[in-house]
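Visitor: Below: one structure in structure tokens.
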Amino acid sequence: MDGSTAQIRPLISNKDIELITWGDIMMAQFKHSGELEVIERVAQALVHFVAPRPNGIALVTVIGHDALFLSQESRQVMLDTLSNVKVLASATVVAGKGLKGVALRSGMASLSMLFSKYFPNKVFGTVEEACAWLAITMSGSHFNWSVTPIQIENAVRAIVPRG
């Protein structure tokens, strides 16, 4: 993937989620809901996005401070989907502060451990950290991606403004 030619494409935009693609990266911001129907829509969009990309994709997920905890059914849908598509790496940002932020990061970290047998993934506290890690991870010789952290961050900022 060449970051200089990639374009942002919106897929879903509503009160619960913003979902876009940028080149071979799918980016999601969960704003309010992690309910099953939202997760199923994201899973369906992910399967369709990956299908024409046999070399795989990367993910950036931002969990907003008002997002809800995932139900067991929602976690299972994501696990089933992510274990059956070619994801090269995934960076998750948990934006919550205080006790809720700690609980959300802890929950995402435990979910992240389940995904680690399929692809490299990590949970972060900021968009900047996540984008830097993803750019470094994807620039490895076997991935052959030419993207910078700032290019990824600029794309993420389409759905997650600064602040």
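If you're wondering about the labels, chains in the structure tokens are A, B, ... by order shown, residues count from 1 in each chain, ligands from 1 in order shown.
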Compile the contact shell of region 134-137 of chain A as a PyMOL selection string: residues with an atom at most 7 Å away, counting only C-alpha atoms, same-chain residues fewer than 4 positions apart removed.

Guide: chain A and resi 91+130+147-149

Visitor: As JSON, numbers by chain, list the residues of region 19-68 of chain A assigned to alpha helix (DSSP H) by DSSP on the backbone atoms of this structure.

Guide: {"A": [36, 37, 38, 39, 40, 41, 42, 43, 44, 45, 46, 47, 48, 49, 50]}

Visitor: Using only C-alpha atoms, pick whichever of A:Ser74, A:Ser139, A:Asn55, A:Gln151 has the shortest atom-to-atom distance to Asp24 (chain A).

Guide: A:Asn55

Visitor: Kindly indicate which residue among A:Ala132, A:Met78, A:Ile8, A:Val60 lies nearest to Arg41 (chain A), using only C-alpha atoms for the distances.

Guide: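 Closest candidate: A:Met78.
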
Visitor: To one decimal in Å, tell me the separation between CA of Ala28 (chain A) and CA of Ser146 (chain A).

Guide: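 Computing the Euclidean distance for CA of Ala28 (chain A) and CA of Ser146 (chain A) yields 21.4 Å.
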
Visitor: I'd like to know which of A:Val160, A:Tyr118, A:Asn14, A:His48 is closest to Leu79 (chain A), using only C-alpha atoms.

Guide: A:Tyr118

Visitor: Given the choices A:Ser83, A:Val77, A:Asp16, A:Ala89, which gets closest to Gly140 (chain A) if the distance is worked out from only C-alpha atoms?

Guide: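 Closest residue, counting only C-alpha atoms: A:Ala89.
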
Visitor: Excluding same-chain residues fewer than 4 positions from region 126-128 of chain A, what lies within 8 Å of it counting only C-alpha atoms, as a PyMOL selection string?

Guide: chain A and resi 62+93-95+132+149+153+156

Visitor: The selected residues should be written to file as a PDB file, in the first residue's frame (atoms: N, CA and C atoms).

Guide:
```pdb
ATOM      1  N   VAL A  62     -11.054   2.686  17.271  1.00  0.00           N
ATOM      2  CA  VAL A  62     -11.057   3.645  18.370  1.00  0.00           C
ATOM      3  C   VAL A  62     -12.331   3.422  19.175  1.00  0.00           C
ATOM      4  N   VAL A  93      -7.400   1.835  19.970  1.00  0.00           N
ATOM      5  CA  VAL A  93      -7.246   2.967  20.875  1.00  0.00           C
ATOM      6  C   VAL A  93      -8.464   2.995  21.782  1.00  0.00           C
ATOM      7  N   VAL A  94      -8.226   3.018  23.092  1.00  0.00           N
ATOM      8  CA  VAL A  94      -9.317   3.145  24.051  1.00  0.00           C
ATOM      9  C   VAL A  94      -9.195   4.535  24.657  1.00  0.00           C
ATOM     10  N   ALA A  95     -10.165   5.389  24.304  1.00  0.00           N
ATOM     11  CA  ALA A  95     -10.080   6.802  24.651  1.00  0.00           C
ATOM     12  C   ALA A  95     -10.615   7.143  26.035  1.00  0.00           C
ATOM     13  N   ALA A 132       1.661   5.207  15.052  1.00  0.00           N
ATOM     14  CA  ALA A 132       3.114   4.977  14.984  1.00  0.00           C
ATOM     15  C   ALA A 132       3.415   3.482  14.989  1.00  0.00           C
ATOM     16  N   PRO A 149       3.345   7.190   9.969  1.00  0.00           N
ATOM     17  CA  PRO A 149       2.386   7.374  11.064  1.00  0.00           C
ATOM     18  C   PRO A 149       1.463   8.571  10.837  1.00  0.00           C
ATOM     19  N   GLU A 153      -2.533   8.642  10.765  1.00  0.00           N
ATOM     20  CA  GLU A 153      -3.238   9.510  11.714  1.00  0.00           C
ATOM     21  C   GLU A 153      -4.167  10.483  10.989  1.00  0.00           C
ATOM     22  N   VAL A 156      -7.264   8.603  10.194  1.00  0.00           N
ATOM     23  CA  VAL A 156      -8.055   8.354  11.409  1.00  0.00           C
ATOM     24  C   VAL A 156      -8.781   9.626  11.839  1.00  0.00           C
TER      25      VAL A 156
END
```

Visitor: Restricting the calculation to only C-alpha atoms: of A:Asn154, A:Ser90, A:Gln44, A:Ser13, which residue gets closest to Phe124 (chain A)?

Guide: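 Of A:Asn154, A:Ser90, A:Gln44, A:Ser13, the one nearest Phe124 (chain A), counting only C-alpha atoms, is A:Ser90.
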
Visitor: Can you list, as a list in words, every protein, DNA or RNA residue that comes within 6 Å of Leu59 (chain A) when you count only C-alpha atoms, leaving out same-chain residues fewer than 4 positions away?

Guide: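 Once the nearby chain positions are removed, what remains is Ile25, Met26, Met27 and Ser90 of chain A.
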
Visitor: Which residue gives the smallest distance to Ala43 (chain A) among A:Cys131, A:Ala158, A:Ile152, A:Leu19, with only C-alpha atoms counted?

Guide: A:Leu19
